[in-house]
$ cat entry39.tsv   # TSV, C-alpha atoms and all ligand atoms
chain	number	residue	atom	x	y	z
A	211	VAL	CA	0.00	0.00	0.00
A	212	ASN	CA	1.36	3.41	-0.98
A	213	ASP	CA	1.16	6.37	1.34
A	214	PRO	CA	-2.07	8.23	0.68
A	215	GLU	CA	-2.26	11.69	-0.80
A	216	HIS	CA	-2.92	14.17	1.96
A	217	LEU	CA	-4.79	17.46	1.51
A	218	GLU	CA	-5.34	20.04	4.21
A	219	VAL	CA	-8.55	22.06	4.36
A	220	ASP	CA	-7.59	25.30	6.03
A	221	LEU	CA	-10.60	26.75	7.85
A	222	GLY	CA	-9.14	28.01	11.09
A	223	ASP	CA	-10.43	25.97	14.01
A	224	ARG	CA	-12.55	23.91	11.61
A	225	SER	CA	-9.52	22.73	9.58
A	226	TYR	CA	-9.20	19.07	8.65
A	227	SER	CA	-7.35	16.56	6.52
A	228	ILE	CA	-8.43	14.64	3.46
A	229	PHE	CA	-6.70	11.33	2.78
A	230	VAL	CA	-6.92	9.80	-0.69
A	231	GLY	CA	-5.48	6.42	-1.58
A	232	SER	CA	-6.20	2.72	-1.87
A	233	GLY	CA	-6.44	0.37	1.07
A	234	LEU	CA	-7.35	3.13	3.53
A	235	LEU	CA	-10.44	1.47	5.02
A	236	GLU	CA	-8.48	-1.23	6.81
A	237	ARG	CA	-6.15	1.46	8.15
A	238	ALA	CA	-8.95	3.88	9.11
A	239	ALA	CA	-7.75	4.15	12.70
A	240	GLU	CA	-4.58	5.88	11.51
A	241	TYR	CA	-6.59	8.72	10.03
A	242	ILE	CA	-9.02	9.28	12.88
A	243	ASP	CA	-7.99	11.50	15.76
A	244	ILE	CA	-9.55	10.16	18.89
A	245	PRO	CA	-9.23	12.55	21.81
A	246	GLU	CA	-7.74	10.91	24.89
A	247	ARG	CA	-10.88	11.36	26.88
A	248	GLY	CA	-14.41	11.34	25.72
A	249	THR	CA	-14.81	8.77	22.97
A	250	GLU	CA	-16.72	5.67	23.98
A	251	VAL	CA	-18.64	4.77	20.90
A	252	ILE	CA	-18.33	5.27	17.16
A	253	ALA	CA	-21.60	5.53	15.26
A	254	VAL	CA	-21.31	4.32	11.68
A	255	VAL	CA	-24.06	5.33	9.27
A	256	ALA	CA	-23.56	3.16	6.21
A	257	ASP	CA	-25.22	2.80	2.82
A	258	ALA	CA	-26.56	-0.76	2.99
A	259	ALA	CA	-25.04	-1.76	-0.36
A	260	VAL	CA	-21.65	-0.32	0.56
A	261	GLU	CA	-21.81	-2.05	3.92
A	262	VAL	CA	-22.20	-5.43	2.20
A	263	LEU	CA	-19.34	-4.75	-0.21
A	264	HIS	CA	-16.81	-2.97	2.00
A	265	GLY	CA	-18.10	-3.04	5.59
A	266	ASP	CA	-15.68	-5.75	6.75
A	267	ARG	CA	-12.69	-3.68	5.73
A	268	LEU	CA	-13.89	-0.58	7.57
A	269	ARG	CA	-14.72	-2.62	10.69
A	270	GLU	CA	-11.24	-4.10	10.59
A	271	GLY	CA	-9.78	-0.61	10.39
A	272	LEU	CA	-11.88	0.72	13.24
A	273	ALA	CA	-11.19	-2.28	15.49
A	274	HIS	CA	-7.71	-0.84	16.13
A	275	LEU	CA	-9.28	2.08	17.98
A	276	GLY	CA	-10.57	-0.24	20.69
A	277	VAL	CA	-13.93	1.48	21.11
A	278	ARG	CA	-17.45	0.15	20.64
A	279	ILE	CA	-18.80	0.40	17.10
A	280	HIS	CA	-22.52	0.76	16.40
A	281	GLU	CA	-23.79	0.56	12.86
A	282	PHE	CA	-26.94	1.77	11.15
A	283	ALA	CA	-27.55	0.76	7.54
A	284	ILE	CA	-29.64	3.02	5.34
A	285	GLU	CA	-31.42	1.97	2.16
A	286	PRO	CA	-29.45	3.07	-0.90
A	287	GLY	CA	-30.98	5.94	-2.87
A	288	GLU	CA	-31.97	9.58	-2.65
A	289	ARG	CA	-35.20	8.69	-0.84
A	290	SER	CA	-33.20	8.03	2.30
A	291	LYS	CA	-32.38	11.73	2.58
A	292	SER	CA	-35.72	12.16	4.36
A	293	ILE	CA	-37.20	13.47	7.59
A	294	THR	CA	-38.22	9.90	8.41
A	295	GLU	CA	-34.71	8.54	8.04
A	296	ALA	CA	-33.12	11.46	9.92
A	297	GLY	CA	-35.63	10.87	12.72
A	298	ALA	CA	-34.80	7.17	12.84
A	299	LEU	CA	-31.11	8.02	13.07
A	300	TRP	CA	-31.57	10.58	15.87
A	301	ARG	CA	-33.54	8.04	17.87
A	302	TRP	CA	-31.00	5.32	17.17
A	303	LEU	CA	-28.21	7.61	18.43
A	304	ALA	CA	-30.20	8.30	21.59
A	305	GLY	CA	-30.72	4.56	22.05
A	306	THR	CA	-27.05	3.69	21.65
A	307	GLY	CA	-26.04	6.20	24.32
A	308	VAL	CA	-23.76	8.14	22.02
A	309	HIS	CA	-22.20	11.15	23.69
A	310	ARG	CA	-21.20	14.54	22.38
A	311	ASN	CA	-17.57	13.66	21.70
A	312	ASP	CA	-18.35	10.36	20.03
A	313	PRO	CA	-17.82	10.59	16.28
A	314	LEU	CA	-20.27	9.67	13.57
A	315	ILE	CA	-18.84	8.11	10.42
A	316	ALA	CA	-20.78	8.51	7.18
A	317	PHE	CA	-19.84	5.56	4.97
A	318	GLY	CA	-21.25	5.66	1.43
A	319	GLY	CA	-21.98	8.08	-1.39
A	320	GLY	CA	-23.36	11.60	-1.31
A	321	VAL	CA	-26.71	10.45	0.03
A	322	THR	CA	-25.12	8.87	3.10
A	323	GLY	CA	-22.76	11.83	3.52
A	324	ASP	CA	-25.58	14.39	3.35
A	325	LEU	CA	-27.94	12.45	5.65
A	326	GLY	CA	-25.27	11.27	8.09
A	327	GLY	CA	-23.71	14.71	8.04
A	328	PHE	CA	-27.02	16.42	8.77
A	329	VAL	CA	-27.72	14.07	11.65
A	330	ALA	CA	-24.21	14.68	13.01
A	331	ALA	CA	-24.75	18.44	12.67
A	332	THR	CA	-27.96	18.36	14.68
A	333	TYR	CA	-27.77	15.55	17.24
A	334	HIS	CA	-26.55	17.00	20.52
A	335	ARG	CA	-26.18	20.28	18.57
A	336	GLY	CA	-23.31	18.73	16.67
A	337	MET	CA	-21.16	15.60	16.91
A	338	PRO	CA	-17.75	15.10	15.28
A	339	LEU	CA	-18.25	13.85	11.73
A	340	ILE	CA	-15.93	11.71	9.65
A	341	GLN	CA	-16.70	11.29	5.98
A	342	VAL	CA	-15.74	8.01	4.34
A	343	PRO	CA	-16.99	8.59	0.77
A	344	THR	CA	-17.32	5.62	-1.57
A	345	THR	CA	-18.54	7.16	-4.84
A	346	LEU	CA	-16.41	9.24	-7.17
A	347	LEU	CA	-18.87	12.13	-6.80
A	348	ALA	CA	-18.67	12.04	-3.02
A	349	GLN	CA	-14.87	11.70	-2.98
A	350	VAL	CA	-14.25	14.76	-5.14
A	351	ASP	CA	-17.24	16.85	-4.09
A	352	ALA	CA	-20.01	15.95	-1.62
A	353	ALA	CA	-17.86	14.74	1.30
A	354	ILE	CA	-15.79	17.93	1.29
A	355	GLY	CA	-16.89	21.35	2.44
A	356	GLY	CA	-19.42	20.73	5.18
A	357	LYS	CA	-22.73	21.11	3.35
A	358	THR	CA	-25.23	18.61	4.73
A	359	ALA	CA	-28.92	18.27	3.95
A	360	ILE	CA	-32.05	16.21	3.70
A	361	ASP	CA	-34.87	16.56	1.17
A	362	LEU	CA	-38.53	17.44	1.65
A	363	PRO	CA	-41.35	16.33	-0.65
A	364	GLU	CA	-41.33	19.99	-1.75
A	365	GLY	CA	-37.76	19.89	-2.96
A	366	LYS	CA	-34.20	18.62	-2.69
A	367	ASN	CA	-31.79	19.74	0.05
A	368	LEU	CA	-34.32	22.12	1.64
A	369	VAL	CA	-33.29	21.40	5.23
A	370	GLY	CA	-29.64	21.36	6.11
A	371	ALA	CA	-26.68	22.78	7.94
A	372	PHE	CA	-23.04	23.62	7.45
A	373	HIS	CA	-21.04	21.11	9.47
A	374	GLN	CA	-17.43	20.52	8.50
A	375	PRO	CA	-16.10	16.98	8.97
A	376	ARG	CA	-13.06	16.29	11.18
A	377	ALA	CA	-11.55	14.13	8.46
A	378	VAL	CA	-12.32	12.74	5.01
A	379	ILE	CA	-11.03	9.27	4.17
A	380	ALA	CA	-11.39	8.56	0.45
A	381	ASP	CA	-10.40	4.99	-0.36
A	382	VAL	CA	-10.33	4.75	-4.16
A	383	SER	CA	-10.33	0.95	-4.05
A	384	THR	CA	-14.04	1.18	-3.14
A	385	LEU	CA	-14.62	2.64	-6.62
A	386	GLN	CA	-13.91	-0.79	-8.14
A	387	THR	CA	-17.43	-1.90	-7.25
A	388	LEU	CA	-19.16	1.32	-8.32
A	389	PRO	CA	-21.62	0.74	-11.21
A	390	ASP	CA	-20.47	2.32	-14.50
A	391	THR	CA	-23.28	4.89	-14.52
A	392	ALA	CA	-22.30	6.17	-11.07
A	393	PHE	CA	-18.61	6.21	-12.05
A	394	VAL	CA	-19.38	8.26	-15.16
A	395	THR	CA	-21.58	10.63	-13.12
A	396	GLY	CA	-18.59	11.27	-10.89
A	397	LEU	CA	-16.40	11.92	-13.93
A	398	ALA	CA	-18.79	14.71	-14.95
A	399	GLU	CA	-18.06	16.46	-11.64
A	400	VAL	CA	-14.33	15.87	-12.09
A	401	ILE	CA	-14.52	17.49	-15.55
A	402	LYS	CA	-16.53	20.33	-14.00
A	403	HIS	CA	-13.72	20.93	-11.49
A	404	ALA	CA	-11.20	20.77	-14.34
A	405	LEU	CA	-13.09	23.39	-16.37
A	406	ILE	CA	-13.55	25.92	-13.57
A	407	ASP	CA	-10.02	25.66	-12.17
A	408	PRO	CA	-6.93	27.30	-13.66
A	409	GLY	CA	-4.74	24.25	-12.85
A	410	ASP	CA	-4.06	21.54	-15.41
A	411	LEU	CA	-6.61	18.95	-14.31
A	412	LEU	CA	-7.97	18.90	-17.85
A	413	GLY	CA	-4.52	17.87	-19.10
A	414	LEU	CA	-4.28	15.15	-16.48
A	415	LEU	CA	-7.68	13.80	-17.53
A	416	GLY	CA	-6.60	13.68	-21.15
A	417	GLY	CA	-3.27	12.02	-20.40
A	418	ASP	CA	-4.66	9.44	-17.96
A	419	ARG	CA	-7.88	8.67	-19.79
A	420	GLU	CA	-7.24	4.95	-20.37
A	421	ARG	CA	-5.95	4.32	-16.87
A	422	VAL	CA	-8.83	6.22	-15.29
A	423	LEU	CA	-11.43	4.34	-17.34
A	424	ALA	CA	-9.70	1.07	-16.36
A	425	ARG	CA	-9.93	2.32	-12.76
A	426	GLU	CA	-6.25	1.84	-12.05
A	427	GLU	CA	-5.92	2.78	-8.42
A	428	GLN	CA	-2.79	4.87	-8.78
A	429	ALA	CA	-4.43	6.92	-11.54
A	430	LEU	CA	-7.62	7.23	-9.48
A	431	THR	CA	-5.66	8.39	-6.44
A	432	THR	CA	-4.01	11.17	-8.43
A	433	LEU	CA	-7.26	12.16	-10.12
A	434	VAL	CA	-9.37	12.19	-6.96
A	435	ALA	CA	-6.74	14.14	-5.04
A	436	ARG	CA	-6.40	16.72	-7.81
A	437	ALA	CA	-10.16	17.11	-8.28
A	438	ALA	CA	-10.75	17.28	-4.52
A	439	ALA	CA	-8.10	20.01	-4.29
A	440	VAL	CA	-10.21	22.21	-6.56
A	441	LYS	CA	-13.14	21.91	-4.18
A	442	VAL	CA	-10.87	22.53	-1.19
A	443	ARG	CA	-9.56	25.76	-2.67
A	444	ILE	CA	-13.08	27.04	-3.33
A	445	VAL	CA	-14.37	26.03	0.11
A	446	GLU	CA	-11.43	27.77	1.79
A	447	GLU	CA	-12.25	30.91	-0.16
A	448	ASP	CA	-15.96	30.86	0.52
A	449	GLU	CA	-16.99	28.40	3.22
A	450	THR	CA	-20.65	29.40	3.43
A	451	GLU	CA	-21.34	30.12	-0.26
A	452	GLN	CA	-21.52	33.89	-0.29
A	453	GLY	CA	-19.77	34.10	-3.65
A	454	THR	CA	-17.26	31.93	-5.46
A	455	ARG	CA	-18.51	28.63	-4.05
A	456	ALA	CA	-21.37	29.04	-6.52
A	457	PHE	CA	-18.84	28.27	-9.30
A	458	LEU	CA	-19.24	24.63	-8.27
A	459	ASN	CA	-22.70	24.91	-9.81
A	460	TYR	CA	-21.15	25.09	-13.28
A	461	GLY	CA	-23.53	23.28	-15.62
A	462	HIS	CA	-26.00	22.71	-12.82
A	463	THR	CA	-28.69	25.30	-13.61
A	464	LEU	CA	-29.70	23.52	-16.79
A	465	ALA	CA	-28.94	20.13	-15.20
A	466	HIS	CA	-31.42	20.68	-12.38
A	467	ALA	CA	-34.07	21.78	-14.85
A	468	LEU	CA	-33.50	18.65	-16.98
A	469	GLU	CA	-33.65	16.44	-13.89
A	470	THR	CA	-36.88	18.11	-12.75
A	471	VAL	CA	-38.74	17.92	-16.07
A	472	GLY	CA	-37.35	14.51	-17.03
A	473	GLY	CA	-37.81	12.92	-13.64
A	474	TYR	CA	-34.71	11.92	-11.73
A	475	GLU	CA	-34.83	8.38	-13.10
A	476	LYS	CA	-34.72	9.40	-16.78
A	477	ILE	CA	-31.32	11.08	-16.79
A	478	THR	CA	-28.39	10.64	-14.42
A	479	HIS	CA	-27.08	13.69	-12.63
A	480	GLY	CA	-23.74	13.43	-14.42
A	481	GLN	CA	-25.25	13.31	-17.92
A	482	ALA	CA	-27.47	16.27	-17.04
A	483	VAL	CA	-24.44	18.23	-15.79
A	484	ALA	CA	-22.51	17.32	-18.94
A	485	ILE	CA	-25.28	18.78	-21.13
A	486	GLY	CA	-25.48	21.77	-18.77
A	487	MET	CA	-21.77	22.48	-19.20
A	488	MET	CA	-22.06	22.24	-23.01
A	489	PHE	CA	-24.94	24.72	-22.81
A	490	ALA	CA	-22.80	27.05	-20.68
A	491	ALA	CA	-19.98	26.79	-23.22
A	492	HIS	CA	-22.32	27.79	-26.06
A	493	LEU	CA	-23.73	30.60	-23.94
A	494	GLY	CA	-20.29	31.96	-23.12
A	495	ALA	CA	-19.25	31.91	-26.76
A	496	ALA	CA	-22.45	33.72	-27.77
A	497	LEU	CA	-21.78	36.42	-25.17
A	498	GLY	CA	-18.30	37.11	-26.50
A	499	GLU	CA	-16.27	35.05	-24.01
A	500	ALA	CA	-13.59	32.64	-25.28
A	501	ASP	CA	-15.16	29.93	-27.46
A	502	ARG	CA	-14.31	26.70	-25.66
A	503	VAL	CA	-17.13	24.57	-27.05
A	504	ALA	CA	-14.67	22.22	-28.77
A	505	GLU	CA	-12.68	21.64	-25.55
A	506	HIS	CA	-15.88	20.91	-23.63
A	507	ARG	CA	-17.05	18.46	-26.27
A	508	ALA	CA	-13.69	16.67	-26.44
A	509	SER	CA	-13.34	16.10	-22.69
A	510	LEU	CA	-16.95	15.01	-22.20
A	511	ASP	CA	-16.87	12.72	-25.25
A	512	ALA	CA	-13.67	11.09	-24.05
A	513	PHE	CA	-15.42	9.80	-20.92
A	514	GLY	CA	-18.74	8.79	-22.40
A	515	LEU	CA	-20.63	11.88	-21.29
A	516	ALA	CA	-23.40	13.56	-23.27
A	517	THR	CA	-22.73	16.71	-25.27
A	518	GLY	CA	-26.29	17.22	-26.47
A	519	GLY	CA	-29.61	15.45	-26.80
A	520	ALA	CA	-31.37	17.26	-23.95
A	521	GLY	CA	-34.64	16.49	-25.69
A	522	PHE	CA	-37.14	18.89	-24.12
A	523	ASP	CA	-38.19	22.06	-25.88
A	524	TYR	CA	-36.86	25.36	-24.60
A	525	GLU	CA	-40.14	26.51	-23.02
A	526	THR	CA	-40.36	23.43	-20.79
A	527	VAL	CA	-36.84	23.91	-19.50
A	528	ALA	CA	-37.18	27.68	-19.06
A	529	ASP	CA	-40.39	27.11	-17.05
A	530	ALA	CA	-38.58	24.71	-14.74
A	531	TRP	CA	-35.76	27.07	-13.92
A	532	LYS	CA	-38.08	30.02	-13.42
A	533	ARG	CA	-39.88	27.98	-10.77
A	534	ASP	CA	-36.55	27.25	-9.06
A	535	LYS	CA	-36.55	29.38	-5.89
A	536	LYS	CA	-32.80	29.91	-5.98
A	537	TYR	CA	-33.16	32.02	-9.07
A	538	GLU	CA	-36.02	34.31	-8.16
A	539	ALA	CA	-33.69	37.32	-8.22
A	540	GLY	CA	-33.24	36.72	-11.94
A	541	MET	CA	-31.57	33.82	-13.68
A	542	ARG	CA	-27.91	33.46	-12.91
A	543	PHE	CA	-25.56	31.19	-14.81
A	544	VAL	CA	-22.00	30.21	-14.10
A	545	LEU	CA	-20.04	30.82	-17.31
A	546	LEU	CA	-16.36	30.87	-18.22
A	547	HIS	CA	-14.43	33.89	-19.48
A	548	ASP	CA	-12.04	31.16	-20.55
A	549	LEU	CA	-11.01	27.72	-19.27
A	550	GLY	CA	-10.39	28.02	-15.52
A	551	ARG	CA	-11.95	31.50	-15.26
A	552	PRO	CA	-15.56	31.19	-14.07
A	553	PHE	CA	-17.90	34.09	-13.37
A	554	ILE	CA	-21.58	34.62	-12.64
A	555	ALA	CA	-23.61	36.00	-15.53
A	556	ARG	CA	-26.97	37.69	-14.99
A	557	ASP	CA	-29.64	39.20	-17.19
A	558	ILE	CA	-28.84	37.15	-20.27
A	559	PRO	CA	-31.31	37.96	-23.06
A	560	GLU	CA	-33.96	35.28	-23.54
A	561	GLU	CA	-33.07	34.88	-27.23
A	562	THR	CA	-29.44	34.14	-26.37
A	563	LEU	CA	-30.51	31.52	-23.84
A	564	ARG	CA	-32.84	29.95	-26.36
A	565	ARG	CA	-30.20	29.77	-29.08
A	566	ALA	CA	-27.60	28.25	-26.75
A	567	TYR	CA	-30.16	25.69	-25.60
A	568	GLU	CA	-31.05	24.77	-29.19
A	569	ALA	CA	-27.38	23.83	-29.65
A	570	VAL	CA	-27.68	21.09	-26.99
A	571	ARG	CA	-31.29	20.07	-27.56
B	1	LIG	N1	-23.05	18.11	0.28
B	1	LIG	C1	-22.58	18.46	-0.90
B	1	LIG	O1	-21.76	19.40	-1.02
B	1	LIG	C2	-23.05	17.71	-2.10
B	1	LIG	C3	-22.43	17.93	-3.34
B	1	LIG	C4	-22.86	17.18	-4.43
B	1	LIG	C5	-23.88	16.25	-4.28
B	1	LIG	N2	-24.46	16.06	-3.07
B	1	LIG	C6	-25.53	15.06	-2.88
B	1	LIG	O2	-24.98	13.78	-3.16
B	1	LIG	C7	-26.03	12.90	-3.55
B	1	LIG	C8	-25.57	12.06	-4.71
B	1	LIG	O3	-24.43	11.31	-4.29
B	1	LIG	P1	-23.93	10.01	-5.07
B	1	LIG	O4	-23.91	10.30	-6.51
B	1	LIG	O5	-22.71	9.57	-4.39
B	1	LIG	O6	-25.14	9.02	-4.89
B	1	LIG	P2	-25.50	7.87	-3.80
B	1	LIG	O7	-24.99	8.19	-2.46
B	1	LIG	O8	-26.96	7.66	-3.97
B	1	LIG	O9	-24.73	6.60	-4.37
B	1	LIG	C9	-25.08	6.10	-5.65
B	1	LIG	C10	-25.31	4.61	-5.64
B	1	LIG	O10	-24.06	3.96	-5.55
B	1	LIG	C11	-24.07	2.95	-4.54
B	1	LIG	N3	-22.69	2.91	-4.05
B	1	LIG	C12	-22.04	3.84	-3.32
B	1	LIG	N4	-20.76	3.50	-3.19
B	1	LIG	C13	-20.59	2.33	-3.83
B	1	LIG	C14	-19.48	1.49	-4.06
B	1	LIG	N5	-18.25	1.82	-3.63
B	1	LIG	N6	-19.68	0.35	-4.75
B	1	LIG	C15	-20.90	0.04	-5.22
B	1	LIG	N7	-21.98	0.80	-5.05
B	1	LIG	C16	-21.82	1.93	-4.37
B	1	LIG	C17	-25.10	3.39	-3.55
B	1	LIG	O11	-25.65	2.29	-2.87
B	1	LIG	C18	-26.13	4.07	-4.46
B	1	LIG	O12	-27.02	3.13	-4.95
B	1	LIG	C19	-27.23	13.77	-3.84
B	1	LIG	O13	-28.17	13.61	-2.81
B	1	LIG	C20	-26.68	15.18	-3.83
B	1	LIG	O14	-27.63	16.13	-3.38
B	1	LIG	C21	-24.06	16.77	-1.99
B	2	ZN	ZN	-23.47	17.86	-9.26
$ encode --input "entry39.tsv" --output "C-alpha cells" --more "lines below"
Ligand SMILES: NC(=O)c1ccc[n+]([C@@H]2O[C@H](COP(=O)([O-])OP(=O)(O)OC[C@H]3O[C@@H](n4cnc5c(N)ncnc54)[C@H](O)[C@@H]3O)[C@@H](O)[C@H]2O)c1
Ligand SMILES: [Zn+2]
Amino acid sequence: VNDPEHLEVDLGDRSYSIFVGSGLLERAAEYIDIPERGTEVIAVVADAAVEVLHGDRLREGLAHLGVRIHEFAIEPGERSKSITEAGALWRWLAGTGVHRNDPLIAFGGGVTGDLGGFVAATYHRGMPLIQVPTTLLAQVDAAIGGKTAIDLPEGKNLVGAFHQPRAVIADVSTLQTLPDTAFVTGLAEVIKHALIDPGDLLGLLGGDRERVLAREEQALTTLVARAAAVKVRIVEEDETEQGTRAFLNYGHTLAHALETVGGYEKITHGQAVAIGMMFAAHLGAALGEADRVAEHRASLDAFGLATGGAGFDYETVADAWKRDKKYEAGMRFVLLHDLGRPFIARDIPEETLRRAYEAVR
C-alpha cells in the first residue's frame, strides 16, 4: 500500500485533513484522531449496499481504535435523505447512548454523507463527523466542504446545515465496485472541477484517460486528489457560499431543470451536468467570451458523457428554472471567461438563452 495523498482544508479551528489512496479502510484508525478522553462509541451510518461490499474492511480498520462500534444501515438511494430517516437516526443515536464527543462516520456516497452529516450536525447540537466517501462524486465533491442536507417532498436539500467533517477518508479501491453509470456521473463532476479551475486537471484527464477508465488505483488516487483540491480551494475561499462557491454549480442550472422535467430516473445527474456544461460553453461563446465549445465536447466525449440530446423544448426547460426558488432574483448562470476562469452571468437575453439551448437540444 502506498502512502495516501494528503490534503489540508484550512478553515481556522474547523480545519481538517483529506486522505486519498487505496487500502485506507483497513487502516482507518490511523486517520481518525480520537481525543484521549471522551470517545466511547463510534456511530457508523452506512449505505446498505456499501456495507455489504466494503463493511468488513472498515470494521477491521476501526477495530484498532478499541472502542465500541454501532452501525446503522440506510437503504441506498436519494429517498433516504428524508425526515423519516433522519428521525430514525436521531432516535438510534439516543438509544445507543452516544455522547457529544463520540464521532459519527458517514460511509457511502453523497446520500449517506448528506444524511449522516445532517444528523451529526444536529444531534446534541453537533457531533464530530468523519466522511468516508465511496462514490467518485462524493470523494471529489459531496464529502468535502461541510454542506449537509435532507430533502422534503417539496424539494431537494431544503433542510440542512453547514457542518465541517473532522476528516475525510477517500479509499479509491471502493470505486472498483461502483456501477459504471455512477462512475461516469462522478467523472462529470471531475470534468466540472477541471473546467472551472486554472490548474491543469484537464490535461491530467486527457493524459490518464485509459488508466482512469480502467480504474487503475494509482491513476484514481491522483485524479481524486487533484479534483478534490479544486473543491478545497473554493471552500477555503468561501466556506458558506456567499460568492465563489457558486462556481461549483457550473452546468447545474440547466442540469437541475432537466432532472426536474425529465424525472430523476430518466437522466443521471452526471449526464445532465454534462449537457449543462455544453450549454454554458455555447452561452459563453455567444456572449463574446472565449469559445471553448470544442474543448468541452472533447473532454466530455472522451469519458462517455453527453454533449447534447437534452430532448425537451426550450419553453419546458425555461419554465422549470423560473420555478426554481434559488433564481427568483433573476436567472444566474456560471459561465467561463475562458477555461479556468468562471464568473456569474446575470440578465442574459432570452433569445441568447434559447439559441444556446437549441445547440444542446
Ligand atoms: N453536500 C454536498 O456538497 C453535495 C455535493 C454534491 C452532491 N451532493 C448530494 O450527493 C447525492 C448524490 O451522491 P452520489 O452520486 O454519491 O449518490 P448515492 O450516495 O446515492 O450513491 C449512488 C449509488 O451507488 C451505490 N454505491 C455507493 N458507493 C458504492 C461502491 N463503492 N460500490 C458500489 N456501489 C456503491 C449506492 O448504494 C447508491 O445506490 C445527492 O443527494 C446530492 O444532493 C451533496
Ligand atoms: Zn453535481
$ residues_near_ligand --input "entry39.tsv" --ligand "ligand LIG 1 (chain B)" --cutoff "6 Å" --atoms "only C-alpha atoms and all ligand atoms" --output "count of residues only"
24
$ residues_around --input "entry39.tsv" --residues "A:Arg565" --least-positions-apart "4" --cutoff "9 Å" --atoms "all atoms listed in the file" --output "number ranges by chain"
A: 492-493, 496, 560-561, 569
$ residues_near_ligand --input "entry39.tsv" --ligand "ligand ZN 2 (chain B)" --cutoff "7 Å" --atoms "all atoms listed in the file" --output "PDB file with C-alpha atoms, in the coordinates of the input"
ATOM      1  CA  GLU A 399     -18.060  16.460 -11.640  1.00  0.00           C
ATOM      2  CA  HIS A 462     -26.000  22.710 -12.820  1.00  0.00           C
ATOM      3  CA  HIS A 479     -27.080  13.690 -12.630  1.00  0.00           C
ATOM      4  CA  GLY A 480     -23.740  13.430 -14.420  1.00  0.00           C
ATOM      5  CA  VAL A 483     -24.440  18.230 -15.790  1.00  0.00           C
TER       6      VAL A 483
END
$ residues_around --input "entry39.tsv" --residues "A:Gly461" --least-positions-apart "5" --cutoff "10 Å" --atoms "all atoms listed in the file" --output "VMD selection string"
chain A and resid 398 to 399 402 466 480 482 to 491 543 to 545
$ residues_around --input "entry39.tsv" --residues "stretch 215-220 of chain A" --least-positions-apart "6" --cutoff "7 Å" --atoms "only C-alpha atoms" --output "list in words"
Tyr226, Ser227, Ile228, Phe229, Val230, Gly231, Ala435, Val442 and Glu446 of chain A
$ closest_residue --input "entry39.tsv" --among "A:Leu221, A:Ala253, A:Val378, A:Ala404" --to "A:Leu546" --atoms "all atoms listed in the file"
A:Ala404
$ atom_distance --input "entry39.tsv" --atom1 "atom CA of A:Gly271" --atom2 "atom CA of A:Ala438"
23.3 Å
$ closest_residue --input "entry39.tsv" --among "A:Leu346, A:Val440, A:Ala528, A:Leu268" --to "A:Ala465" --atoms "only C-alpha atoms"
A:Ala528
$ residues_near_point --input "entry39.tsv" --point "(-32.4, 21.8, -12.9)" --cutoff "9 Å" --atoms "all atoms listed in the file" --output "ChimeraX atom specification"
/A:462-471,482,527,530-531,534
$ write_last_selection --input "entry39.tsv" --atoms "C-alpha atoms" --output "mmCIF file, keeping the file's coordinate frame"
data_model
loop_
_atom_site.group_PDB
_atom_site.id
_atom_site.type_symbol
_atom_site.label_atom_id
_atom_site.label_comp_id
_atom_site.auth_asym_id
_atom_site.auth_seq_id
_atom_site.Cartn_x
_atom_site.Cartn_y
_atom_site.Cartn_z
ATOM 1 C CA HIS A 462 -26.000 22.710 -12.820
ATOM 2 C CA THR A 463 -28.690 25.300 -13.610
ATOM 3 C CA LEU A 464 -29.700 23.520 -16.790
ATOM 4 C CA ALA A 465 -28.940 20.130 -15.200
ATOM 5 C CA HIS A 466 -31.420 20.680 -12.380
ATOM 6 C CA ALA A 467 -34.070 21.780 -14.850
ATOM 7 C CA LEU A 468 -33.500 18.650 -16.980
ATOM 8 C CA GLU A 469 -33.650 16.440 -13.890
ATOM 9 C CA THR A 470 -36.880 18.110 -12.750
ATOM 10 C CA VAL A 471 -38.740 17.920 -16.070
ATOM 11 C CA ALA A 482 -27.470 16.270 -17.040
ATOM 12 C CA VAL A 527 -36.840 23.910 -19.500
ATOM 13 C CA ALA A 530 -38.580 24.710 -14.740
ATOM 14 C CA TRP A 531 -35.760 27.070 -13.920
ATOM 15 C CA ASP A 534 -36.550 27.250 -9.060
#
$ atom_distance --input "entry39.tsv" --atom1 "atom CA of A:His373" --atom2 "atom CA of A:Gly326"
10.8 Å
$ closest_residue --input "entry39.tsv" --among "A:Thr249, A:Thr478, A:Gln374, A:Ser232" --to "A:His309" --atoms "all atoms listed in the file"
A:Thr249
$ atom_distance --input "entry39.tsv" --atom1 "atom CA of A:Val277" --atom2 "atom CA of A:Thr294"
28.7 Å
$ residues_around --input "entry39.tsv" --residues "A:Leu303" --least-positions-apart "4" --cutoff "12 Å" --atoms "all atoms listed in the file" --output "PyMOL selection string"
chain A and resi 251-255+279-282+296-299+307-310+312-314+326+329-330+332-334+337
